[in-house]
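One structure below.
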Amino acid sequence: MSNVSPSGPPMASSPLTRAVLEIDEYASGLGWDRPARLFALVDTARLRAQAPSLKLGEDTTAYTPIEQEEIPKGKPLDEFLGTIAWPDGVAGCALTVERLMLPPSAEAQVPKDLSGAKLNKWVAGHPDRQEVRMTVAVLRTGAREAAIRLREKDSPTEVLTGPDLVPGLADALAATFEG
């Protein structure tokens with residue numbers, strides 16, 4: 001599902017989609033070849049009530065992304081996410097991360113015996129690889145949203161959005177709210 005407007009930035013229909021696109025735009029402004037970034041999503045109306053001096057948007061249904069401390073270097077992302085527990089005031093979380101991806105047409109070419117670092121090296125050398133930035137968000141309620149931006153089409157009008165674009169990462173983020 002694409003929410004791309006032909007004449008401007010992506011149209012966001014839900015508060016979660018707007019938060020994901022806000023984070024995507026922020027990450028875009030930092031440039032490429034950046035480490036993963038983690039964000040808490042806080043209900044803007046609740047945050048405004050708790051901290052009236054903050055300059056926040058007027059949208060009462062919005063989520064305010066709050067960037068967290070840097071993700072430790074050298075620690076696998078799945079291990080790091082397994083250490084997170086969010087306080088009750090956090091409505092959701094989001095992660096932006098850059099990866100190499102192959103188009104579906106190249107999946108049949110992946111050698112069956114490769115995994116981990118060897119698979120990453122093989123993908124990095126594939127002529128059809130694409131560099132992408134994925135921004136994935138989940139709410140405590142189970143709602144999910146993602147945005148994917150290709151490096152070769154680095155424009156706000158070329159961002160693909162949808163709830164099921166990166167299901168594995170969404171599952172990992174959702175697990176940070178369990179138990």
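In the structure tokens, chains take the letters A, B, ... in the order shown, each chain's residues start at 1, and ligands count up from 1 in the order shown.
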
Legend entry - Shell around stretch 101-111 of chain A at 10 Å using only C-alpha atoms, local window under 3 positions removed, as a list in words: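 Result of the neighbour search: Glu98, Leu114, Ser115, Leu119, Asn120, Trp122, Val123, Ala124, His126, Pro127, Asp128, Arg129, Gln130, Glu131, Val132 and Leu150 of chain A.
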
Legend entry - Which of stretch 3-179 of chain A fall in strand (DSSP E or B), as an MDAnalysis selection string: chainID A and resid 37:43 63:67 92:101 130:139 144:150 160:162

Inset, instruction - as a ChimeraX atom specification, list the residues of stretch 68-104 of chain A assigned to helix (DSSP H, G or I) by DSSP on the backbone atoms of this structure. - result: /A:77-81,104

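Shortest separation to A:Val90 among A:Ala117, A:Val42, A:Ala62, A:Ile71 occurs at residue A:Val42, atoms counted being only C-alpha atoms.
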
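Each of A:Ala172, A:Val20, A:Ala49, A:Leu30 was checked against A:Ile84 using only C-alpha atoms; the smallest atom-to-atom distance is that of A:Ala172.
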
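Distances from A:Ala51, A:Ala174, A:Val138, A:Ile66 to A:Tyr26 were compared using only C-alpha atoms, and the smallest one belongs to A:Ile66.
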
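Going from atom CA of A:Leu165 over to atom CA of A:Lys121, you cover 23.2 Å.
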
Legend entry - Straight-line distance linking atom CA of A:Trp86 with atom CA of A:Arg18, stated in Å to one decimal: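 Atom CA of A:Arg18 lies 21.4 Å from atom CA of A:Trp86.
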
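Of the residues listed (A:Leu21, A:Ala27, A:Leu16, A:Leu81), A:Leu16 shows the shortest atom-to-atom separation from A:Ala143; distances use only C-alpha atoms.
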
Inset, instruction - Quick one: everything within 12 Å of A:Asp171, counting only C-alpha atoms, minus sequence neighbours fewer than 2 positions away in the same chain. Send it as a PyMOL selection string. - result: chain A and resi 78+81-82+93-95+136-140+142-145+163-169+173-178
